[in-house]
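As provided, work.cif (mmCIF, C-alpha atoms) reads as follows.
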data_target
#
loop_
_atom_site.label_atom_id
_atom_site.label_comp_id
_atom_site.auth_asym_id
_atom_site.auth_seq_id
_atom_site.Cartn_x
_atom_site.Cartn_y
_atom_site.Cartn_z
CA MET Z 55 -24.27 -0.76 26.43
CA ARG Z 56 -21.17 -0.54 28.62
CA ASP Z 57 -23.12 -1.46 31.75
CA ASN Z 58 -23.64 -4.95 30.34
CA ILE Z 59 -20.02 -5.48 29.27
CA LYS Z 60 -18.06 -7.82 31.52
CA GLY Z 61 -15.35 -8.84 29.07
CA ILE Z 62 -13.30 -7.22 26.34
CA ALA Z 63 -11.86 -9.43 23.61
CA PHE Z 64 -9.36 -8.53 20.92
CA ASP Z 65 -8.12 -9.58 17.54
CA LEU Z 66 -4.31 -9.54 17.35
CA ASP Z 67 -2.88 -8.73 13.90
CA GLY Z 68 -3.68 -5.17 12.87
CA THR Z 69 -5.59 -4.55 16.09
CA LEU Z 70 -3.01 -4.56 18.87
CA TYR Z 71 -0.22 -3.51 16.52
CA PRO Z 72 -0.32 -1.88 13.04
CA ASN Z 73 0.08 -4.40 10.23
CA TYR Z 74 2.57 -2.24 8.36
CA ARG Z 75 5.15 -2.67 11.13
CA LEU Z 76 5.23 -6.39 10.45
CA ASN Z 77 4.80 -6.14 6.68
CA ILE Z 78 7.88 -3.95 6.35
CA LYS Z 79 9.97 -6.63 8.03
CA LEU Z 80 8.40 -9.27 5.76
CA ILE Z 81 9.30 -7.60 2.45
CA PRO Z 82 12.32 -9.86 1.68
CA PHE Z 83 10.27 -12.96 2.46
CA ILE Z 84 7.29 -11.73 0.42
CA LEU Z 85 9.47 -11.09 -2.61
CA LYS Z 86 11.11 -14.50 -2.36
CA GLU Z 87 8.01 -16.58 -1.55
CA TRP Z 88 5.28 -14.67 -3.38
CA ASN Z 89 3.81 -17.77 -5.08
CA LEU Z 90 3.59 -19.61 -1.77
CA LEU Z 91 1.98 -16.68 0.03
CA SER Z 92 -0.48 -16.09 -2.79
CA ALA Z 93 -1.61 -19.72 -2.85
CA PHE Z 94 -1.80 -19.85 0.94
CA GLY Z 95 -3.99 -16.74 0.98
CA LYS Z 96 -6.22 -18.13 -1.76
CA ALA Z 97 -6.64 -21.38 0.20
CA ARG Z 98 -7.89 -19.49 3.23
CA LYS Z 99 -10.30 -17.49 1.03
CA ILE Z 100 -11.65 -20.78 -0.34
CA ILE Z 101 -12.17 -22.06 3.19
CA ARG Z 102 -13.96 -18.87 4.24
CA LYS Z 103 -16.18 -19.16 1.17
CA GLU Z 104 -17.06 -22.72 2.13
CA GLN Z 105 -17.91 -21.52 5.65
CA GLU Z 106 -20.02 -18.51 4.69
CA SER Z 107 -23.10 -20.12 6.19
CA THR Z 108 -23.24 -19.90 9.98
CA ASP Z 109 -24.46 -23.50 9.91
CA ALA Z 110 -21.33 -24.71 8.10
CA PRO Z 111 -19.69 -27.41 10.25
CA PRO Z 112 -16.16 -26.91 11.57
CA ILE Z 113 -13.33 -28.59 9.68
CA PRO Z 114 -12.04 -31.46 11.88
CA ASP Z 115 -8.46 -31.36 10.57
CA PHE Z 116 -8.22 -27.74 9.53
CA TYR Z 117 -4.46 -27.53 9.25
CA ASN Z 118 -4.06 -30.47 6.86
CA TYR Z 119 -7.14 -29.42 4.88
CA GLN Z 120 -5.56 -26.00 4.38
CA ILE Z 121 -2.33 -27.67 3.22
CA GLU Z 122 -4.23 -29.86 0.74
CA ILE Z 123 -5.91 -26.86 -0.89
CA THR Z 124 -2.66 -24.91 -1.06
CA ALA Z 125 -0.83 -27.90 -2.55
CA LYS Z 126 -3.47 -28.24 -5.29
CA LEU Z 127 -3.16 -24.55 -6.14
CA LEU Z 128 0.61 -24.90 -6.43
CA SER Z 129 0.50 -28.37 -8.04
CA VAL Z 130 2.98 -29.75 -5.50
CA PRO Z 131 2.87 -32.70 -3.06
CA PRO Z 132 1.28 -31.89 0.33
CA ALA Z 133 3.93 -33.43 2.59
CA PRO Z 134 6.94 -31.23 1.73
CA LEU Z 135 4.66 -28.21 1.42
CA LYS Z 136 3.38 -28.79 4.95
CA GLU Z 137 6.92 -28.72 6.31
CA LYS Z 138 7.71 -25.57 4.33
CA ILE Z 139 4.63 -23.68 5.49
CA GLU Z 140 5.24 -24.70 9.09
CA ARG Z 141 8.89 -23.66 8.91
CA LEU Z 142 8.52 -20.42 6.94
CA ILE Z 143 5.12 -19.03 7.92
CA TYR Z 144 4.07 -20.46 11.25
CA ARG Z 145 7.49 -20.59 12.94
CA GLY Z 146 9.49 -18.32 10.63
CA TRP Z 147 7.47 -15.15 11.19
CA GLU Z 148 7.16 -15.39 14.96
CA PRO Z 149 10.66 -14.04 15.87
CA LEU Z 150 9.86 -10.86 13.93
CA PHE Z 151 7.40 -9.93 16.65
CA LYS Z 152 10.30 -9.26 19.01
CA LYS Z 153 10.83 -6.05 17.03
CA VAL Z 154 7.19 -5.11 16.40
CA LYS Z 155 5.76 -2.32 18.55
CA LEU Z 156 2.18 -2.24 19.76
CA PHE Z 157 -0.15 0.64 19.00
CA LYS Z 158 0.54 3.60 21.25
CA GLY Z 159 -1.35 3.15 24.49
CA ALA Z 160 -2.44 -0.42 23.77
CA ARG Z 161 -0.50 -2.06 26.61
CA GLU Z 162 -1.54 0.58 29.15
CA THR Z 163 -5.18 0.30 28.09
CA LEU Z 164 -5.15 -3.47 28.52
CA GLU Z 165 -3.66 -3.08 31.99
CA VAL Z 166 -6.33 -0.57 33.01
CA PHE Z 167 -9.11 -2.81 31.70
CA LYS Z 168 -7.71 -5.66 33.77
CA LYS Z 169 -7.52 -3.53 36.91
CA GLU Z 170 -11.10 -2.37 36.35
CA GLY Z 171 -12.26 -5.98 36.52
CA TYR Z 172 -12.93 -6.72 32.88
CA LYS Z 173 -12.12 -10.22 31.67
CA LEU Z 174 -9.75 -10.07 28.71
CA GLY Z 175 -9.86 -12.45 25.75
CA LEU Z 176 -7.98 -12.77 22.50
CA LEU Z 177 -8.99 -14.49 19.26
CA SER Z 178 -6.71 -14.78 16.24
CA ASP Z 179 -6.94 -16.81 13.06
CA PHE Z 180 -3.27 -17.78 13.51
CA PRO Z 181 -1.75 -19.33 16.66
CA PRO Z 182 -1.12 -16.30 18.91
CA GLU Z 183 0.71 -17.56 22.00
CA THR Z 184 4.32 -17.05 20.88
CA LYS Z 185 3.47 -13.73 19.25
CA LEU Z 186 1.96 -12.49 22.51
CA GLU Z 187 5.09 -13.52 24.38
CA TYR Z 188 7.35 -11.63 21.98
CA LEU Z 189 5.06 -8.60 22.09
CA GLY Z 190 5.29 -8.65 25.88
CA ILE Z 191 1.56 -9.07 26.59
CA ASN Z 192 1.24 -12.80 27.15
CA GLY Z 193 0.34 -12.81 30.84
CA ILE Z 194 -2.66 -10.51 30.88
CA TRP Z 195 -5.34 -12.64 29.22
CA ASP Z 196 -8.13 -14.67 30.81
CA ALA Z 197 -8.56 -16.65 27.58
CA VAL Z 198 -6.55 -16.96 24.37
CA HIS Z 199 -8.05 -18.75 21.39
CA CYS Z 200 -7.13 -19.59 17.79
CA SER Z 201 -9.88 -20.04 15.21
CA GLU Z 202 -7.83 -22.61 13.27
CA ARG Z 203 -8.02 -24.95 16.27
CA CYS Z 204 -11.79 -25.06 16.23
CA GLY Z 205 -11.85 -25.48 12.45
CA ALA Z 206 -13.67 -22.27 11.57
CA LEU Z 207 -11.96 -19.08 10.40
CA LYS Z 208 -13.44 -15.66 11.04
CA PRO Z 209 -16.10 -14.49 10.34
CA HIS Z 210 -17.70 -17.83 11.19
CA PRO Z 211 -19.25 -17.32 14.65
CA LEU Z 212 -18.04 -20.63 16.11
CA SER Z 213 -14.59 -19.39 17.11
CA PHE Z 214 -16.13 -16.33 18.80
CA ILE Z 215 -18.55 -18.53 20.71
CA LYS Z 216 -15.68 -20.77 21.81
CA LEU Z 217 -13.81 -17.71 23.04
CA ALA Z 218 -16.84 -16.58 25.06
CA GLN Z 219 -17.03 -20.03 26.64
CA ALA Z 220 -13.34 -19.87 27.52
CA MET Z 221 -13.93 -16.46 29.11
CA SER Z 222 -16.89 -17.92 31.08
CA LEU Z 223 -19.16 -15.14 29.81
CA PRO Z 224 -22.22 -15.03 27.54
CA PRO Z 225 -21.40 -13.44 24.16
CA GLU Z 226 -23.76 -10.54 24.86
CA ASN Z 227 -21.54 -9.52 27.81
CA ILE Z 228 -18.44 -9.23 25.62
CA ILE Z 229 -17.28 -6.48 23.29
CA TYR Z 230 -14.90 -7.68 20.58
CA VAL Z 231 -12.28 -5.29 19.23
CA GLY Z 232 -10.90 -5.81 15.73
CA ASN Z 233 -9.51 -4.03 12.67
CA SER Z 234 -11.60 -5.83 10.04
CA ARG Z 235 -15.30 -5.20 9.66
CA SER Z 236 -15.52 -8.14 7.26
CA TYR Z 237 -13.99 -10.67 9.68
CA ASP Z 238 -13.93 -9.26 13.21
CA VAL Z 239 -17.05 -7.11 13.37
CA ALA Z 240 -19.19 -9.41 11.22
CA GLY Z 241 -18.12 -12.59 13.05
CA ALA Z 242 -18.46 -11.18 16.55
CA ALA Z 243 -21.88 -9.71 15.75
CA LYS Z 244 -23.08 -13.07 14.42
CA ALA Z 245 -21.99 -14.65 17.70
CA GLY Z 246 -24.00 -12.10 19.68
CA MET Z 247 -21.12 -9.91 20.88
CA LYS Z 248 -20.92 -6.14 20.87
CA THR Z 249 -18.25 -4.83 18.51
CA ALA Z 250 -15.57 -2.13 18.36
CA TRP Z 251 -13.64 -1.34 15.20
CA ILE Z 252 -10.18 0.23 15.15
CA ARG Z 253 -10.05 2.22 11.92
CA SER Z 254 -6.84 2.21 9.94
CA PRO Z 255 -5.71 5.62 8.66
CA LEU Z 256 -4.29 3.80 5.60
CA PHE Z 257 -7.44 1.77 4.82
CA PRO Z 258 -10.38 3.64 6.39
CA GLY Z 259 -12.92 1.90 4.18
CA ASN Z 260 -12.01 -1.66 5.19
CA GLY Z 261 -15.22 -3.70 4.96
CA LEU Z 262 -17.68 -0.80 4.88
CA LYS Z 263 -20.35 -3.00 3.27
CA THR Z 264 -20.39 -5.23 6.37
CA PRO Z 265 -22.36 -4.64 9.60
CA LYS Z 266 -21.71 -1.36 11.35
CA PRO Z 267 -19.75 -1.70 14.62
CA ASP Z 268 -21.22 -0.53 17.90
CA PHE Z 269 -18.19 1.71 18.38
CA SER Z 270 -15.33 2.82 16.14
CA PHE Z 271 -12.08 4.49 17.16
CA HIS Z 272 -8.70 5.60 15.81
CA ASN Z 273 -6.48 5.20 18.87
CA TYR Z 274 -6.46 3.40 22.19
CA ARG Z 275 -7.14 6.56 24.17
CA GLN Z 276 -10.56 6.68 22.53
CA LEU Z 277 -11.25 3.04 23.42
CA TYR Z 278 -10.13 3.73 26.99
CA ASP Z 279 -12.47 6.72 27.26
CA PHE Z 280 -15.36 4.73 25.82
CA MET Z 281 -15.01 1.83 28.26
CA ILE Z 282 -13.86 3.61 31.41
CA GLN Z 283 -15.27 7.13 31.46
#
Represent the supplied structure as structure tokens.
Amino acid sequence: MRDNIKGIAFDLDGTLYPNYRLNIKLIPFILKEWNLLSAFGKARKIIRKEQESTDAPPIPDFYNYQIEITAKLLSVPPAPLKEKIERLIYRGWEPLFKKVKLFKGARETLEVFKKEGYKLGLLSDFPPETKLEYLGINGIWDAVHCSERCGALKPHPLSFIKLAQAMSLPPENIIYVGNSRSYDVAGAAKAGMKTAWIRSPLFPGNGLKTPKPDFSFHNYRQLYDFMIQ
């Protein structure tokens, strides 16, 4: 399998850093804005449900569509809610990444992959550019993509296909690394990519009913050994 791999693509949240390191810093916000976060999460679940079919068309104005659903769930007007979500969630969380540490060995592994000639890609459901800058890994990627911008959240294959196009590689020459079998492994497999799953010691059964990854690992040393040795 590795002989055919020319590119390695990654999810961001929970894959390059452990989610708990961000969640701990978010506790005050979660307690204060629980209703907003709950409705926002439900809206994205509704959208994923609508896009379960691989033939489901992308949503042309994803961001505003997401706001409309969230506003209905909260029974509030969309306009002020849009400003609040932008301010609190999209912009408000980003500075926290200045204090979030990557998984041990993640940065070094990315650097080795780059030196070995692999193209590196990143796909996140949320806009990743500022997060990558704060995490100190913004200059290493050949392609960075956000699924919101193409109107199809993971596990819809469209965003994975768009990432492959941005990397100038066929999907079958890419292995996608993610922490969710339900979103990352399932979506990448549908797009024709190989898949690697980083297993969480806290939630080892995440998405076990979904397709089996081609490779699973617990730490970045194992991923390094799999791809390089």
Chain and number of each residue from the PyMOL selection byres ((chain Z and resi 185-199) around 8), as a ChimeraX atom specification = /Z:148-149,151-152,154-156,161,164-165,168,173-178,181-184,200-201,213,216-217,220-221
Among the residues Z:Lys96, Z:Lys248, Z:Arg56, Z:Arg253, the one that comes closest to Z:Met281 [using all atoms listed in the file]
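Under the stated criterion, the closest residue is Z:Arg56.
Shortest atom-to-atom contact with Z:Thr108 among Z:Ile229, Z:Met247, Z:Leu135, Z:Leu212: Z:Leu212, counting all atoms listed in the file.
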Margin query: I want to know what sits within 12 Å of Z:Lys136, based on only C-alpha atoms, with residues of the same chain fewer than 5 positions away left out; could you give that as a list in words?
Written below: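 Contacts, in chain order: Leu90, Phe94, Tyr117, Asn118, Tyr119, Gln120, Ile121, Glu122, Ile123, Thr124, Ala125, Val130, Pro131, Arg141, Leu142, Ile143 and Tyr144 of chain Z.
The gap separating atom CA of Z:Ala97 from atom CA of Z:Asp109 is 20.4 Å, in Å to one decimal.
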**Message:** Give me, as a PyMOL selection string, all polymer residues having an atom no more than 9 Å from Z:Ala245, counting only C-alpha atoms and skipping those fewer than 2 positions away in the same chain.
**Reply:** chain Z and resi 210-215+225-226+240-243+247
(Q) Quick check, in Å to one decimal: how far apart do atom CA of Z:Thr69 and atom CA of Z:Tyr230 lie? (A)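 Computing it gives 10.8 Å between the two atoms.
Across the model, the gap from atom CA of Z:Thr249 to atom CA of Z:Pro267 is 5.2 Å.
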Decode the PyMOL selection byres ((chain Z and resi 234) around 12) for the given file into explicit residues and return them as a compact mmCIF listing (two decimals) with C-alpha atoms, in the coordinates of the input.
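And here's expr.txt as it stands now:
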# COMPACT_ATOMS: atom_id res chain seq x y z
CA PHE Z 64 -9.36 -8.53 20.92
CA ASP Z 65 -8.12 -9.58 17.54
CA LEU Z 66 -4.31 -9.54 17.35
CA ASP Z 67 -2.88 -8.73 13.90
CA GLY Z 68 -3.68 -5.17 12.87
CA THR Z 69 -5.59 -4.55 16.09
CA ASN Z 73 0.08 -4.40 10.23
CA SER Z 178 -6.71 -14.78 16.24
CA LYS Z 208 -13.44 -15.66 11.04
CA PRO Z 209 -16.10 -14.49 10.34
CA TYR Z 230 -14.90 -7.68 20.58
CA VAL Z 231 -12.28 -5.29 19.23
CA GLY Z 232 -10.90 -5.81 15.73
CA ASN Z 233 -9.51 -4.03 12.67
CA ARG Z 235 -15.30 -5.20 9.66
CA SER Z 236 -15.52 -8.14 7.26
CA TYR Z 237 -13.99 -10.67 9.68
CA ASP Z 238 -13.93 -9.26 13.21
CA VAL Z 239 -17.05 -7.11 13.37
CA ALA Z 240 -19.19 -9.41 11.22
CA GLY Z 241 -18.12 -12.59 13.05
CA ALA Z 242 -18.46 -11.18 16.55
CA THR Z 249 -18.25 -4.83 18.51
CA ALA Z 250 -15.57 -2.13 18.36
CA TRP Z 251 -13.64 -1.34 15.20
CA ILE Z 252 -10.18 0.23 15.15
CA ARG Z 253 -10.05 2.22 11.92
CA SER Z 254 -6.84 2.21 9.94
CA PHE Z 257 -7.44 1.77 4.82
CA PRO Z 258 -10.38 3.64 6.39
CA GLY Z 259 -12.92 1.90 4.18
CA ASN Z 260 -12.01 -1.66 5.19
CA GLY Z 261 -15.22 -3.70 4.96
CA LEU Z 262 -17.68 -0.80 4.88
CA LYS Z 263 -20.35 -3.00 3.27
CA THR Z 264 -20.39 -5.23 6.37
CA PRO Z 265 -22.36 -4.64 9.60
CA LYS Z 266 -21.71 -1.36 11.35
CA PRO Z 267 -19.75 -1.70 14.62
CA SER Z 270 -15.33 2.82 16.14
Using the chain letters and numbers from the file, give me the residues hit by the PyMOL selection byres ((chain Z and resi 80) around 12), as a PDB file with C-alpha atoms, keeping the file's coordinate frame.
ATOM      1  CA  ASN Z  73       0.080  -4.400  10.230  1.00  0.00           C
ATOM      2  CA  TYR Z  74       2.570  -2.240   8.360  1.00  0.00           C
ATOM      3  CA  ARG Z  75       5.150  -2.670  11.130  1.00  0.00           C
ATOM      4  CA  LEU Z  76       5.230  -6.390  10.450  1.00  0.00           C
ATOM      5  CA  ASN Z  77       4.800  -6.140   6.680  1.00  0.00           C
ATOM      6  CA  ILE Z  78       7.880  -3.950   6.350  1.00  0.00           C
ATOM      7  CA  LYS Z  79       9.970  -6.630   8.030  1.00  0.00           C
ATOM      8  CA  ILE Z  81       9.300  -7.600   2.450  1.00  0.00           C
ATOM      9  CA  PRO Z  82      12.320  -9.860   1.680  1.00  0.00           C
ATOM     10  CA  PHE Z  83      10.270 -12.960   2.460  1.00  0.00           C
ATOM     11  CA  ILE Z  84       7.290 -11.730   0.420  1.00  0.00           C
ATOM     12  CA  LEU Z  85       9.470 -11.090  -2.610  1.00  0.00           C
ATOM     13  CA  LYS Z  86      11.110 -14.500  -2.360  1.00  0.00           C
ATOM     14  CA  GLU Z  87       8.010 -16.580  -1.550  1.00  0.00           C
ATOM     15  CA  TRP Z  88       5.280 -14.670  -3.380  1.00  0.00           C
ATOM     16  CA  LEU Z  91       1.980 -16.680   0.030  1.00  0.00           C
ATOM     17  CA  LEU Z 142       8.520 -20.420   6.940  1.00  0.00           C
ATOM     18  CA  ILE Z 143       5.120 -19.030   7.920  1.00  0.00           C
ATOM     19  CA  GLY Z 146       9.490 -18.320  10.630  1.00  0.00           C
ATOM     20  CA  TRP Z 147       7.470 -15.150  11.190  1.00  0.00           C
ATOM     21  CA  GLU Z 148       7.160 -15.390  14.960  1.00  0.00           C
ATOM     22  CA  PRO Z 149      10.660 -14.040  15.870  1.00  0.00           C
ATOM     23  CA  LEU Z 150       9.860 -10.860  13.930  1.00  0.00           C
ATOM     24  CA  PHE Z 151       7.400  -9.930  16.650  1.00  0.00           C
ATOM     25  CA  LYS Z 153      10.830  -6.050  17.030  1.00  0.00           C
ATOM     26  CA  VAL Z 154       7.190  -5.110  16.400  1.00  0.00           C
TER      27      VAL Z 154
END
